[in-house]
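Have a look at the structure below before the remarks.
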Amino acid sequence: MTEQKIRVIVAKPGLDGHDRGAKVVARALRDAGMEVIYTGLRQTPEMIAEAALQEDADAVGLSILSGAHMALVPRILALLEANGQSDVKLFIGGIVPDDDVPRLKEMGVAGIYGPGTSTELIVNDIRAAVLGRG
Amino acid sequence: MLDIQAVLSGQRLALARLLTQIENQTAAGEQALAELFPHTGRAHLIGVTGAPGTGKSSLVNQLALHYRKDPQPKKIAILAVDPSSPFSGGAVLGDRIRMSALTGDTGVFIRSMATRGSLGGLAQTTAGLVQAFDAAGFDIILIETVGAGQSEVDIARLAHTTLVVEAPGLGDDIQAIKAGILEIADILVVNKADRAGVENTERALRSMLQLAHPGQRVFRHHGQTMEVATPEGEAETLWLPPIQRTVAADGSGLPELLAHIASHRTHLETSGDLARRERARLAAELDLRLQQALVARWQAGLTNGEYEQALAALAARHISPQAAVRQLLDHGKE
Ligand SMILES: Nc1nc2c(ncn2[C@@H]2O[C@H](COP(=O)(O)OP(=O)(O)O)[C@@H](O)[C@H]2O)c(=O)[nH]1
Ligand SMILES: [Mg+2]
């Protein structure tokens, strides 16, 4: 009877741009059997953390095109931790300068994906990260 | 382990984790539900159903906003159910998109749920999640489901008050409005009343209502309005589903819709329907759980390969299905 499902929040923070990339990833995760909670455009860190809490998410995927990742990511990680959810895995897709990658990883981001990354890689990384938790 | 006290005292993470356990139908989830049961039975359960795109999520958002505006605001839980993909078993759940205005209000808790495709499982786990919300002290539980097939009927059975949402432009003639919705609708909502064609949708609904409720006082017959007496004694218990126009985009019609929901609740209480519905619902849950428990007990008593042997004999047409059942039941006895 019991059935475990990986639950992932997919959000597009910031005021800029479109959510085409986020939708492609959302569908790929669904096709891999995951349950994706799609929260749409213009999500604040507070909205994202609240969704992760209420949905008891295993992972959060952000699509960031604005370059605001260095501001958004620490804020979201802090909110997750304050909510008792530091075990939630955070993934970023979008345009992230190479210099920022190590800093983001240090903060605890589980995966960073530039434009054109295969969705298969993202799916596999999320599954491995979630299933590999203690 | 699940922390029941934390759930009862309103801790949101404890509740969120409990909901996951119930959804996954784990032993811990079942145990928690059993412990929470004495704390249930207080919330008003409101089902919101209708075709995709009619504005259910937007309407649920508005309902929650309005309930929260009350001088004594009610605590609101929202359970938004969407179908799982039959191919992968995954799902994209997008109802929260329409509900971002509720962010930051700790008196509101939104949870998305996929149907996960198990037969009867949706009804069971949805009811379980609703019980958890109820025990956690939410006054109103809004349950959004896509109006299709069995899930719609299941939700109508679970909810105290069911709103069926229609919208203009999705086929305005009477055939386009699904047969059977009037059996589950306590309130009919014509959303997107800012759109052209709202009159047609409302007219179609009204004429269906008149067919379905011959006891209604006024109806049109070949263009004439006629007075029809309500059968004696029924006057107090009959509930005629009102039709309410709304614009979920800006909240028009919402105060009226809230008033209809409140009078339906009063009707349920004064007519005795609330107690009757509750009893029927608990009977259905008891029957389902009994069936599952009996099957499990019987399976535990079977010796290895017994079922497969009977099935092989059945497939070879050596025995009938009736004989196979008799054989398996006899052997399964303690
Ligand atoms: N014009 C208009 N559009 C609406 C109204 N309510 C919802 N919508 C829009 O209809 C679309 C579907 O709404 P949604 O709430 O997601 O519908 P659901 O699929 O039934 O949950 C969205 O684009 C909404 O913005 C309304 O009252 N008027
Ligand atoms: Mg919806």
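As shown in the structure tokens, the chain order sets the letters A, B, ...; within each chain, residues go from 1, and ligands are also counted from 1 in the order they appear.
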Would you name the residues within 7 Å of ligand 2, counting only C-alpha atoms and all ligand atoms, and put them as a list in words?
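For ligand 2, the residues inside 7 Å are Pro52, Gly55, Lys56, Ser57, Gly94 and Asp95 of chain B.
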Identify all chain B residues at most 7 Å from chain A by counting only C-alpha atoms; ligands do not count. Present them as a PDB file with N, CA, C and O atoms, in the first residue's frame.
ATOM      1  N   LEU B  13       5.187  22.342  10.599  1.00  0.00           N
ATOM      2  CA  LEU B  13       6.048  21.310  10.013  1.00  0.00           C
ATOM      3  C   LEU B  13       5.582  19.912  10.446  1.00  0.00           C
ATOM      4  O   LEU B  13       5.548  18.978   9.632  1.00  0.00           O
ATOM      5  N   ALA B  16       2.651  19.142   8.308  1.00  0.00           N
ATOM      6  CA  ALA B  16       3.057  18.848   6.926  1.00  0.00           C
ATOM      7  C   ALA B  16       3.613  17.428   6.808  1.00  0.00           C
ATOM      8  O   ALA B  16       3.327  16.703   5.856  1.00  0.00           O
ATOM      9  N   ARG B  17       4.418  17.034   7.810  1.00  0.00           N
ATOM     10  CA  ARG B  17       5.012  15.694   7.780  1.00  0.00           C
ATOM     11  C   ARG B  17       3.964  14.622   8.003  1.00  0.00           C
ATOM     12  O   ARG B  17       4.018  13.554   7.388  1.00  0.00           O
ATOM     13  N   ASN B  24       1.142   8.614   2.068  1.00  0.00           N
ATOM     14  CA  ASN B  24       1.901   7.420   1.707  1.00  0.00           C
ATOM     15  C   ASN B  24       1.324   6.159   2.346  1.00  0.00           C
ATOM     16  O   ASN B  24       1.860   5.073   2.151  1.00  0.00           O
ATOM     17  N   GLN B  25       0.247   6.341   3.107  1.00  0.00           N
ATOM     18  CA  GLN B  25      -0.433   5.223   3.775  1.00  0.00           C
ATOM     19  C   GLN B  25       0.533   4.363   4.588  1.00  0.00           C
ATOM     20  O   GLN B  25       0.507   3.127   4.516  1.00  0.00           O
ATOM     21  N   THR B  26       1.388   5.028   5.344  1.00  0.00           N
ATOM     22  CA  THR B  26       2.334   4.299   6.192  1.00  0.00           C
ATOM     23  C   THR B  26       1.670   3.898   7.510  1.00  0.00           C
ATOM     24  O   THR B  26       0.636   4.453   7.890  1.00  0.00           O
ATOM     25  N   SER B  88       3.512   8.060 -15.947  1.00  0.00           N
ATOM     26  CA  SER B  88       4.698   8.066 -15.103  1.00  0.00           C
ATOM     27  C   SER B  88       4.368   7.961 -13.620  1.00  0.00           C
ATOM     28  O   SER B  88       5.236   7.659 -12.813  1.00  0.00           O
ATOM     29  N   GLY B  89       3.117   8.258 -13.258  1.00  0.00           N
ATOM     30  CA  GLY B  89       2.780   8.308 -11.839  1.00  0.00           C
ATOM     31  C   GLY B  89       3.171   9.627 -11.193  1.00  0.00           C
ATOM     32  O   GLY B  89       2.877   9.873 -10.032  1.00  0.00           O
ATOM     33  N   GLY B  90       3.835  10.495 -11.958  1.00  0.00           N
ATOM     34  CA  GLY B  90       4.188  11.816 -11.443  1.00  0.00           C
ATOM     35  C   GLY B  90       3.053  12.801 -11.666  1.00  0.00           C
ATOM     36  O   GLY B  90       2.003  12.449 -12.195  1.00  0.00           O
ATOM     37  N   ALA B  91       3.269  14.047 -11.261  1.00  0.00           N
ATOM     38  CA  ALA B  91       2.230  15.055 -11.436  1.00  0.00           C
ATOM     39  C   ALA B  91       2.838  16.446 -11.396  1.00  0.00           C
ATOM     40  O   ALA B  91       3.870  16.657 -10.753  1.00  0.00           O
ATOM     41  N   VAL B  92       2.209  17.378 -12.103  1.00  0.00           N
ATOM     42  CA  VAL B  92       2.516  18.793 -11.913  1.00  0.00           C
ATOM     43  C   VAL B  92       1.285  19.408 -11.257  1.00  0.00           C
ATOM     44  O   VAL B  92       0.204  19.406 -11.825  1.00  0.00           O
ATOM     45  N   LEU B  93       1.465  19.907 -10.043  1.00  0.00           N
ATOM     46  CA  LEU B  93       0.357  20.445  -9.262  1.00  0.00           C
ATOM     47  C   LEU B  93       0.475  21.966  -9.272  1.00  0.00           C
ATOM     48  O   LEU B  93       1.417  22.515  -8.708  1.00  0.00           O
ATOM     49  N   GLY B  94      -0.467  22.639  -9.929  1.00  0.00           N
ATOM     50  CA  GLY B  94      -0.295  24.073 -10.168  1.00  0.00           C
ATOM     51  C   GLY B  94      -1.313  24.975  -9.501  1.00  0.00           C
ATOM     52  O   GLY B  94      -1.421  26.151  -9.844  1.00  0.00           O
ATOM     53  N   ARG B  96      -1.394  26.237  -6.539  1.00  0.00           N
ATOM     54  CA  ARG B  96      -0.847  27.295  -5.683  1.00  0.00           C
ATOM     55  C   ARG B  96      -0.589  28.587  -6.452  1.00  0.00           C
ATOM     56  O   ARG B  96      -0.512  29.661  -5.833  1.00  0.00           O
ATOM     57  N   ILE B  97      -0.411  28.476  -7.773  1.00  0.00           N
ATOM     58  CA  ILE B  97      -0.144  29.671  -8.585  1.00  0.00           C
ATOM     59  C   ILE B  97      -1.180  30.757  -8.296  1.00  0.00           C
ATOM     60  O   ILE B  97      -0.845  31.934  -8.224  1.00  0.00           O
ATOM     61  N   THR B 103       0.028  34.046   1.061  1.00  0.00           N
ATOM     62  CA  THR B 103       1.354  33.870   1.672  1.00  0.00           C
ATOM     63  C   THR B 103       1.506  34.723   2.917  1.00  0.00           C
ATOM     64  O   THR B 103       1.058  35.874   2.942  1.00  0.00           O
ATOM     65  N   PHE B 109      -3.322  27.214   5.528  1.00  0.00           N
ATOM     66  CA  PHE B 109      -2.376  26.144   5.208  1.00  0.00           C
ATOM     67  C   PHE B 109      -2.824  25.508   3.901  1.00  0.00           C
ATOM     68  O   PHE B 109      -3.943  25.020   3.792  1.00  0.00           O
ATOM     69  N   ILE B 110      -1.945  25.566   2.899  1.00  0.00           N
ATOM     70  CA  ILE B 110      -2.298  25.044   1.566  1.00  0.00           C
ATOM     71  C   ILE B 110      -1.501  23.780   1.295  1.00  0.00           C
ATOM     72  O   ILE B 110      -0.274  23.767   1.450  1.00  0.00           O
ATOM     73  N   ARG B 111      -2.160  22.755   0.878  1.00  0.00           N
ATOM     74  CA  ARG B 111      -1.472  21.518   0.542  1.00  0.00           C
ATOM     75  C   ARG B 111      -1.971  21.009  -0.814  1.00  0.00           C
ATOM     76  O   ARG B 111      -3.170  20.963  -1.060  1.00  0.00           O
ATOM     77  N   SER B 112      -1.027  20.648  -1.692  1.00  0.00           N
ATOM     78  CA  SER B 112      -1.365  20.083  -2.993  1.00  0.00           C
ATOM     79  C   SER B 112      -1.283  18.569  -2.907  1.00  0.00           C
ATOM     80  O   SER B 112      -0.441  18.031  -2.196  1.00  0.00           O
TER      81      SER B 112
END
8 Å from ligand 1 is the threshold here; counting only C-alpha atoms and all ligand atoms, which polymer residues fall inside it? Answer as JSON, numbers by chain.
{"B": [49, 50, 51, 52, 53, 54, 55, 56, 57, 58, 59, 60, 94, 95, 97, 98, 144, 146, 165, 191, 192, 193, 194, 195, 246, 247, 248, 249, 250, 251]}
Create the file for the chosen residues now, containing N, CA, C and O atoms and written as a tab-separated table (two decimals), in the first residue's frame.
chain	number	residue	atom	x	y	z
B	49	THR	N	-15.63	21.89	-6.93
B	49	THR	CA	-15.34	21.04	-8.08
B	49	THR	C	-15.87	21.68	-9.36
B	49	THR	O	-16.67	22.60	-9.31
B	50	GLY	N	-15.41	21.19	-10.49
B	50	GLY	CA	-15.80	21.76	-11.78
B	50	GLY	C	-14.71	21.49	-12.81
B	50	GLY	O	-13.61	21.06	-12.44
B	51	ALA	N	-15.02	21.78	-14.06
B	51	ALA	CA	-14.08	21.48	-15.15
B	51	ALA	C	-12.79	22.30	-15.00
B	51	ALA	O	-12.78	23.35	-14.35
B	52	PRO	N	-11.69	21.83	-15.60
B	52	PRO	CA	-10.44	22.59	-15.57
B	52	PRO	C	-10.64	23.98	-16.18
B	52	PRO	O	-11.35	24.11	-17.17
B	53	GLY	N	-10.05	24.98	-15.56
B	53	GLY	CA	-10.10	26.32	-16.12
B	53	GLY	C	-11.32	27.14	-15.76
B	53	GLY	O	-11.44	28.29	-16.16
B	54	THR	N	-12.25	26.57	-14.99
B	54	THR	CA	-13.44	27.34	-14.62
B	54	THR	C	-13.12	28.38	-13.54
B	54	THR	O	-13.91	29.30	-13.32
B	55	GLY	N	-11.96	28.24	-12.89
B	55	GLY	CA	-11.57	29.23	-11.89
B	55	GLY	C	-11.66	28.73	-10.46
B	55	GLY	O	-11.77	29.52	-9.53
B	56	LYS	N	-11.59	27.42	-10.27
B	56	LYS	CA	-11.72	26.84	-8.93
B	56	LYS	C	-10.63	27.34	-7.98
B	56	LYS	O	-10.92	27.76	-6.86
B	57	SER	N	-9.38	27.29	-8.44
B	57	SER	CA	-8.28	27.70	-7.55
B	57	SER	C	-8.39	29.18	-7.21
B	57	SER	O	-8.16	29.58	-6.06
B	58	SER	N	-8.74	29.99	-8.21
B	58	SER	CA	-8.89	31.43	-7.97
B	58	SER	C	-10.02	31.68	-6.97
B	58	SER	O	-9.93	32.56	-6.11
B	59	LEU	N	-11.06	30.88	-7.09
B	59	LEU	CA	-12.21	31.02	-6.19
B	59	LEU	C	-11.86	30.59	-4.77
B	59	LEU	O	-12.23	31.25	-3.79
B	60	VAL	N	-11.12	29.50	-4.66
B	60	VAL	CA	-10.67	29.02	-3.35
B	60	VAL	C	-9.81	30.11	-2.69
B	60	VAL	O	-9.96	30.40	-1.50
B	94	GLY	N	-0.47	22.64	-9.93
B	94	GLY	CA	-0.30	24.07	-10.17
B	94	GLY	C	-1.31	24.97	-9.50
B	94	GLY	O	-1.42	26.15	-9.84
B	95	ASP	N	-2.05	24.45	-8.55
B	95	ASP	CA	-3.12	25.27	-7.98
B	95	ASP	C	-2.60	26.41	-7.11
B	95	ASP	O	-3.25	27.45	-7.00
B	97	ILE	N	-0.41	28.48	-7.77
B	97	ILE	CA	-0.14	29.67	-8.59
B	97	ILE	C	-1.18	30.76	-8.30
B	97	ILE	O	-0.84	31.93	-8.22
B	98	ARG	N	-2.45	30.33	-8.11
B	98	ARG	CA	-3.54	31.31	-7.92
B	98	ARG	C	-3.69	31.74	-6.46
B	98	ARG	O	-4.62	32.46	-6.14
B	144	GLU	N	-10.33	21.33	-3.25
B	144	GLU	CA	-10.51	21.55	-4.69
B	144	GLU	C	-10.23	20.27	-5.46
B	144	GLU	O	-9.18	19.65	-5.29
B	146	VAL	N	-10.74	18.39	-9.55
B	146	VAL	CA	-11.20	18.51	-10.93
B	146	VAL	C	-12.47	17.69	-11.07
B	146	VAL	O	-12.53	16.55	-10.61
B	165	VAL	N	-18.53	24.54	-9.85
B	165	VAL	CA	-18.16	25.78	-10.54
B	165	VAL	C	-18.30	25.61	-12.05
B	165	VAL	O	-17.76	24.67	-12.63
B	191	ASN	N	-18.75	31.26	-12.32
B	191	ASN	CA	-17.59	32.13	-12.19
B	191	ASN	C	-17.29	32.79	-13.54
B	191	ASN	O	-17.87	32.43	-14.56
B	192	LYS	N	-16.37	33.73	-13.56
B	192	LYS	CA	-16.05	34.53	-14.74
B	192	LYS	C	-17.29	35.27	-15.23
B	192	LYS	O	-17.55	35.35	-16.43
B	193	ALA	N	-18.03	35.81	-14.27
B	193	ALA	CA	-19.25	36.54	-14.60
B	193	ALA	C	-18.93	37.85	-15.32
B	193	ALA	O	-19.83	38.55	-15.77
B	194	ASP	N	-17.65	38.18	-15.43
B	194	ASP	CA	-17.24	39.36	-16.20
B	194	ASP	C	-17.16	39.02	-17.69
B	194	ASP	O	-16.94	39.92	-18.51
B	195	ARG	N	-17.33	37.77	-18.03
B	195	ARG	CA	-17.20	37.34	-19.42
B	195	ARG	C	-18.54	37.32	-20.12
B	195	ARG	O	-19.58	37.09	-19.50
B	246	THR	N	-19.95	34.84	-9.76
B	246	THR	CA	-18.75	35.39	-9.11
B	246	THR	C	-17.74	35.84	-10.16
B	246	THR	O	-17.77	35.38	-11.30
B	247	VAL	N	-16.86	36.72	-9.74
B	247	VAL	CA	-15.66	37.04	-10.51
B	247	VAL	C	-14.49	36.80	-9.57
B	247	VAL	O	-14.20	37.62	-8.70
B	248	ALA	N	-13.86	35.64	-9.74
B	248	ALA	CA	-12.78	35.29	-8.80
B	248	ALA	C	-11.58	36.21	-8.99
B	248	ALA	O	-10.76	36.36	-8.10
B	249	ALA	N	-11.52	36.84	-10.16
B	249	ALA	CA	-10.41	37.75	-10.43
B	249	ALA	C	-10.45	38.96	-9.47
B	249	ALA	O	-9.40	39.41	-9.03
B	250	ASP	N	-11.65	39.47	-9.14
B	250	ASP	CA	-11.71	40.66	-8.27
B	250	ASP	C	-12.56	40.47	-7.01
B	250	ASP	O	-12.68	41.40	-6.21
B	251	GLY	N	-13.14	39.30	-6.84
B	251	GLY	CA	-13.88	39.04	-5.60
B	251	GLY	C	-15.36	39.40	-5.64
B	251	GLY	O	-16.06	39.27	-4.63
Backbone DSSP call of alpha helix (DSSP H) for chain A, listed as a VMD selection string:
chain A and resid 20 to 31 45 to 54 69 to 82 100 to 107 119 to 131
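Each of B:Lys75, B:Arg157, B:Arg68, B:Arg116 was compared to Glu278 in chain B using only C-alpha atoms, and B:Arg157 turns out to be the nearest.
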Within 12 Å of Leu131 in chain A, counting only C-alpha atoms, which residues show up once you throw out same-chain ones fewer than 2 positions away? Write them as a PyMOL selection string, please.
chain A and resi 4-7+58-59+87-89+124-129+133-134
For those residues, write C-alpha atoms to a file as a CSV table (one decimal), in the first residue's frame.
chain,number,residue,atom,x,y,z
A,4,GLN,CA,6.9,7.1,-1.5
A,5,LYS,CA,6.9,10.0,-3.9
A,6,ILE,CA,9.6,12.6,-4.3
A,7,ARG,CA,8.0,16.0,-4.0
A,58,ASP,CA,12.1,17.0,-0.5
A,59,ALA,CA,13.7,19.5,-2.9
A,87,ASP,CA,17.4,18.8,4.8
A,88,VAL,CA,15.5,20.2,1.8
A,89,LYS,CA,17.8,20.1,-1.3
A,124,ASN,CA,19.0,12.1,-11.8
A,125,ASP,CA,20.8,14.6,-9.6
A,126,ILE,CA,17.6,15.4,-7.7
A,127,ARG,CA,16.7,11.8,-7.2
A,128,ALA,CA,20.2,10.9,-6.0
A,129,ALA,CA,20.3,13.9,-3.6
A,133,ARG,CA,19.6,12.0,2.6
A,134,GLY,CA,20.2,10.6,6.1
Skip Leu2 in chain B itself and residues of its chain fewer than 2 positions away, then list as a ChimeraX atom specification all residues within 7 Å of it, counting only C-alpha atoms.
/B:4,18,28
Output the selection as an mmCIF file, in the first residue's frame - N, CA and C atoms for each residue.
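Ended up saving to result_25.cif:
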data_model
loop_
_atom_site.group_PDB
_atom_site.id
_atom_site.type_symbol
_atom_site.label_atom_id
_atom_site.label_comp_id
_atom_site.auth_asym_id
_atom_site.auth_seq_id
_atom_site.Cartn_x
_atom_site.Cartn_y
_atom_site.Cartn_z
ATOM 1 N N ILE B 4 2.212 13.793 17.600
ATOM 2 C CA ILE B 4 0.788 14.126 17.613
ATOM 3 C C ILE B 4 0.530 15.419 18.383
ATOM 4 N N LEU B 18 3.021 14.913 8.873
ATOM 5 C CA LEU B 18 1.931 13.958 9.100
ATOM 6 C C LEU B 18 1.142 13.744 7.802
ATOM 7 N N ALA B 28 2.816 4.528 10.432
ATOM 8 C CA ALA B 28 2.883 5.677 11.343
ATOM 9 C C ALA B 28 1.726 6.645 11.086
#
Backbone DSSP call of strand (DSSP E) for range 1-131 of chain A, listed as an MDAnalysis selection string:
chainID A and resid 7:13 35:43 59:64 89:94 111:113
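Between CA of Glu183 in chain B and CA of Leu129 in chain B lies a distance of 24.8 Å.
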